[in-house]
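Below you'll find the structure, written out as structure tokens, and then a few comments.
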Amino acid sequence: QDAKFWPKLFSNVPGSGLTDDGFRDVYQSFSFKSSSPSHSFVKDLIGELGTSSNVVIAGHSLGAALATLLALDLSFHSSLLPTVYTIASPRVGDLIFHRFYNQGIGASYRVVNPNDWVPKLPPPGLYEHVGQKLQLNPATDLKNTPACNHHLSTYLHLLAAAIGIPSQFPIQNDCIQADRLVSANPND
């Protein structure tokens with residue numbers, strides 16, 4: 001589903017433009033397995049949350065794309081105004097979606113490692129990013145590989161470094177550059 005980039009209407013929110021069909025298909029597969037087939041996932045969720053809930057939605061990578069769709073769907077169908085944090089999010093929708101989302105979701109933050117390739121997909125033009133971009137500073141001791149640059153633990157480390165506590169969220173050992181590894185055994 002991640003690799004399907006055909007634009008399709010996001011029918012959950014009329015007038016919201018086109019979205020990546022792979023992300024949309026995954027999102028529309030969500031269900032609480034309601035006994036009534038007329039209930040949508042978001043309506044069931046609203047029923048579970050109540051109208052005065054404080055909602056924070058977060059996701060990484062594909063989860064970030066799904067968080068984006070959920071935030072718009074939730075805010076459109078209720079009075080709830082979620083705060084959204086996406087990490088390593090790909091582009092989700094077209095320019096109409098971008099405008100619709102940014103007008104409807106007040107607090108949306110998109111965390112990006114500039115060396116990560118996923119936030120660069122699908123290519124711009126067809127799709128646009130949403131929310132306020134928060135760009136992290138790349139780690140100098142990180143292996144510059146697609147997997148290491150995209151890994152959630154890398155993002156957590158870079159976020160922790162931004163607030164001065166990088167040692168509390170270390171980079172995975174297999175993503176540390178070989179010349180930066182410190183042996184746990186002092187006799188090595």
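The chains in the structure tokens are called A, B, ... from first to last as shown; in each chain the residues are counted from 1, and the ligands are counted from 1 in the order shown.
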Problem set entry | Non-local contacts of region 146-158 of chain A (12 Å; only C-alpha atoms; under 5 positions in same chain excluded) as JSON, numbers by chain | {"A": [59, 60, 61, 62, 63, 64, 86, 87, 88, 89, 90, 110, 111, 112, 113, 114, 115, 116, 117, 118, 119, 120, 134, 135, 136, 137, 138, 139, 140, 141, 163, 164, 165, 166, 167, 168, 169, 170, 171, 172, 173, 174, 175, 176, 177]}
Exercise. So, counting only C-alpha atoms, which residue among A:Gly15, A:Phe97, A:Ser78, A:Gly104 is closest to Gly47 (chain A)?
Worked result: A:Ser78
Problem set entry | Proximity to Asn12 (chain A) - best of A:Asn144, A:Thr83, A:Ser53, A:Gln28, only C-alpha atoms |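 Answer, going by the shortest atom-to-atom distance: A:Gln28.
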Exercise. Between CA of Tyr109 (chain A) and CA of Val56 (chain A), what is the distance, to one decimal in Å?
Worked result: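 A separation of 11.2 Å between them.
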Exercise. Between CA of Gly50 (chain A) and CA of Ser29 (chain A), what is the distance, to one decimal in Å?
Worked result: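 Interatomic distance, CA of Gly50 (chain A) to CA of Ser29 (chain A): 22.6 Å.
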Problem set entry | Top pick for closest residue to Leu81 (chain A), considering A:Tyr27, A:His98, A:Ala58, A:Ser52 and counting only C-alpha atoms |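 Using only C-alpha atoms, Leu81 (chain A) sits closest to A:Ser52.
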For this session: Determine, counting only C-alpha atoms, which protein, DNA and RNA residues have an atom within 10 Å of an atom of Arg91 (chain A); residues of the same chain fewer than 4 positions away are not included. Present the result as a list in words.
Result: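 Residues near the query, excluding close chain neighbours: Phe5, Thr19, Asp20, Ala64, Ala65, Thr68, His98, Val118, Pro119, Lys120, Leu121, Pro122, Pro123, Pro124, Leu126, Tyr127, Glu128, His129 and Val130 of chain A.
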Emit the selected residues as a compact mmCIF listing (two decimals), in the first residue's frame, including all heavy atoms.
# COMPACT_ATOMS: atom_id res chain seq x y z
N PHE A 5 0.69 5.40 -5.36
CA PHE A 5 0.66 6.86 -5.32
C PHE A 5 -0.43 7.48 -6.18
O PHE A 5 -0.38 8.66 -6.49
CB PHE A 5 2.01 7.44 -5.77
CG PHE A 5 3.17 7.11 -4.88
CD1 PHE A 5 4.42 6.86 -5.43
CD2 PHE A 5 3.03 7.04 -3.51
CE1 PHE A 5 5.50 6.57 -4.62
CE2 PHE A 5 4.11 6.75 -2.69
CZ PHE A 5 5.34 6.51 -3.26
N THR A 19 -6.01 12.34 -2.27
CA THR A 19 -4.98 11.78 -1.40
C THR A 19 -4.36 10.56 -2.07
O THR A 19 -4.91 10.00 -3.03
CB THR A 19 -5.58 11.35 -0.03
OG1 THR A 19 -6.64 10.43 -0.27
CG2 THR A 19 -6.08 12.55 0.75
N ASP A 20 -3.24 10.15 -1.56
CA ASP A 20 -2.54 8.96 -2.01
C ASP A 20 -3.46 7.76 -1.77
O ASP A 20 -3.92 7.54 -0.65
CB ASP A 20 -1.25 8.85 -1.20
CG ASP A 20 -0.49 7.57 -1.42
OD1 ASP A 20 -0.98 6.51 -0.98
OD2 ASP A 20 0.60 7.64 -2.00
N ALA A 64 2.26 8.15 10.22
CA ALA A 64 2.11 9.60 10.12
C ALA A 64 1.09 9.95 9.05
O ALA A 64 0.27 10.86 9.24
CB ALA A 64 3.46 10.24 9.82
N ALA A 65 1.13 9.25 7.94
CA ALA A 65 0.14 9.49 6.87
C ALA A 65 -1.26 9.17 7.39
O ALA A 65 -2.21 9.92 7.15
CB ALA A 65 0.48 8.65 5.64
N THR A 68 -2.50 11.83 9.75
CA THR A 68 -2.94 13.00 9.00
C THR A 68 -4.39 12.83 8.54
O THR A 68 -5.22 13.72 8.71
CB THR A 68 -2.01 13.24 7.79
OG1 THR A 68 -0.68 13.48 8.28
CG2 THR A 68 -2.47 14.41 6.95
N HIS A 98 -3.92 19.86 1.09
CA HIS A 98 -2.98 20.65 1.89
C HIS A 98 -3.69 21.87 2.48
O HIS A 98 -3.60 22.12 3.69
CB HIS A 98 -1.79 21.06 1.01
CG HIS A 98 -0.99 22.20 1.51
ND1 HIS A 98 0.09 22.03 2.34
CD2 HIS A 98 -1.10 23.54 1.30
CE1 HIS A 98 0.62 23.20 2.62
NE2 HIS A 98 -0.09 24.14 1.99
N VAL A 118 11.97 9.24 3.14
CA VAL A 118 10.52 9.04 3.17
C VAL A 118 9.75 10.37 3.10
O VAL A 118 8.78 10.47 2.35
CB VAL A 118 10.09 8.18 4.38
CG1 VAL A 118 8.58 8.16 4.54
CG2 VAL A 118 10.63 6.76 4.22
N PRO A 119 10.15 11.42 3.85
CA PRO A 119 9.41 12.68 3.73
C PRO A 119 9.52 13.33 2.34
O PRO A 119 8.81 14.29 2.06
CB PRO A 119 10.06 13.57 4.79
CG PRO A 119 10.61 12.61 5.79
CD PRO A 119 11.08 11.45 4.98
N LYS A 120 10.37 12.82 1.50
CA LYS A 120 10.51 13.34 0.14
C LYS A 120 9.58 12.63 -0.85
O LYS A 120 9.60 12.93 -2.04
CB LYS A 120 11.96 13.22 -0.30
CG LYS A 120 12.92 14.05 0.55
CD LYS A 120 14.36 13.79 0.21
CE LYS A 120 15.29 14.71 0.95
NZ LYS A 120 15.74 14.30 2.21
N LEU A 121 8.76 11.70 -0.35
CA LEU A 121 7.86 10.91 -1.19
C LEU A 121 6.41 11.22 -0.86
O LEU A 121 6.11 11.65 0.24
CB LEU A 121 8.11 9.42 -0.97
CG LEU A 121 9.48 8.91 -1.38
CD1 LEU A 121 9.64 7.47 -0.97
CD2 LEU A 121 9.70 9.08 -2.86
N PRO A 122 5.48 10.93 -1.73
CA PRO A 122 5.64 10.92 -3.17
C PRO A 122 6.23 12.25 -3.63
O PRO A 122 6.19 13.23 -2.89
CB PRO A 122 4.23 10.73 -3.70
CG PRO A 122 3.39 10.30 -2.55
CD PRO A 122 4.09 10.77 -1.32
N PRO A 123 6.74 12.30 -4.82
CA PRO A 123 7.41 13.52 -5.28
C PRO A 123 6.48 14.73 -5.21
O PRO A 123 5.27 14.61 -5.37
CB PRO A 123 7.77 13.19 -6.74
CG PRO A 123 7.79 11.71 -6.80
CD PRO A 123 6.77 11.23 -5.82
N PRO A 124 7.06 15.92 -4.96
CA PRO A 124 6.23 17.13 -4.90
C PRO A 124 5.58 17.43 -6.24
O PRO A 124 6.02 16.95 -7.28
CB PRO A 124 7.23 18.22 -4.50
CG PRO A 124 8.56 17.70 -4.88
CD PRO A 124 8.48 16.20 -4.81
N LEU A 126 2.50 16.55 -7.28
CA LEU A 126 1.26 15.78 -7.18
C LEU A 126 0.71 15.87 -5.75
O LEU A 126 -0.50 15.98 -5.54
CB LEU A 126 1.52 14.32 -7.57
CG LEU A 126 0.34 13.41 -7.70
CD1 LEU A 126 -0.69 13.95 -8.68
CD2 LEU A 126 0.78 12.02 -8.14
N TYR A 127 1.60 15.82 -4.77
CA TYR A 127 1.22 15.86 -3.36
C TYR A 127 2.04 16.92 -2.63
O TYR A 127 3.17 17.20 -3.01
CB TYR A 127 1.44 14.50 -2.71
CG TYR A 127 0.62 13.39 -3.31
CD1 TYR A 127 1.20 12.41 -4.09
CD2 TYR A 127 -0.75 13.33 -3.10
CE1 TYR A 127 0.45 11.40 -4.65
CE2 TYR A 127 -1.52 12.32 -3.66
CZ TYR A 127 -0.91 11.36 -4.43
OH TYR A 127 -1.66 10.36 -4.97
N GLU A 128 1.45 17.46 -1.56
CA GLU A 128 2.10 18.49 -0.75
C GLU A 128 2.07 18.08 0.72
O GLU A 128 1.16 17.39 1.16
CB GLU A 128 1.38 19.84 -0.91
CG GLU A 128 1.31 20.34 -2.33
CD GLU A 128 2.67 20.65 -2.94
OE1 GLU A 128 3.58 21.07 -2.19
OE2 GLU A 128 2.82 20.48 -4.16
N HIS A 129 3.06 18.56 1.48
CA HIS A 129 3.07 18.31 2.92
C HIS A 129 2.05 19.20 3.62
O HIS A 129 1.67 20.25 3.12
CB HIS A 129 4.46 18.61 3.50
CG HIS A 129 5.44 17.49 3.33
ND1 HIS A 129 5.25 16.25 3.88
CD2 HIS A 129 6.61 17.44 2.65
CE1 HIS A 129 6.27 15.47 3.57
NE2 HIS A 129 7.11 16.17 2.81
N VAL A 130 1.65 18.76 4.81
CA VAL A 130 0.73 19.53 5.64
C VAL A 130 1.40 19.80 6.99
O VAL A 130 2.37 19.15 7.36
CB VAL A 130 -0.62 18.79 5.86
CG1 VAL A 130 -1.36 18.61 4.56
CG2 VAL A 130 -0.41 17.46 6.57
For this session: Enter the distance from CA of Thr51 (chain A) to CA of Ser79 (chain A), in Å, rounded to one decimal.
Result: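 CA of Thr51 (chain A) sits 6.7 Å away from CA of Ser79 (chain A).
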For this session: Identify, with DSSP run on backbone atoms, the residues in region 93-149 of chain A assigned to helix (DSSP H, G or I), and express the list as a VMD selection string.
Result: chain A and resid 95 to 104 118 to 120 146 to 149
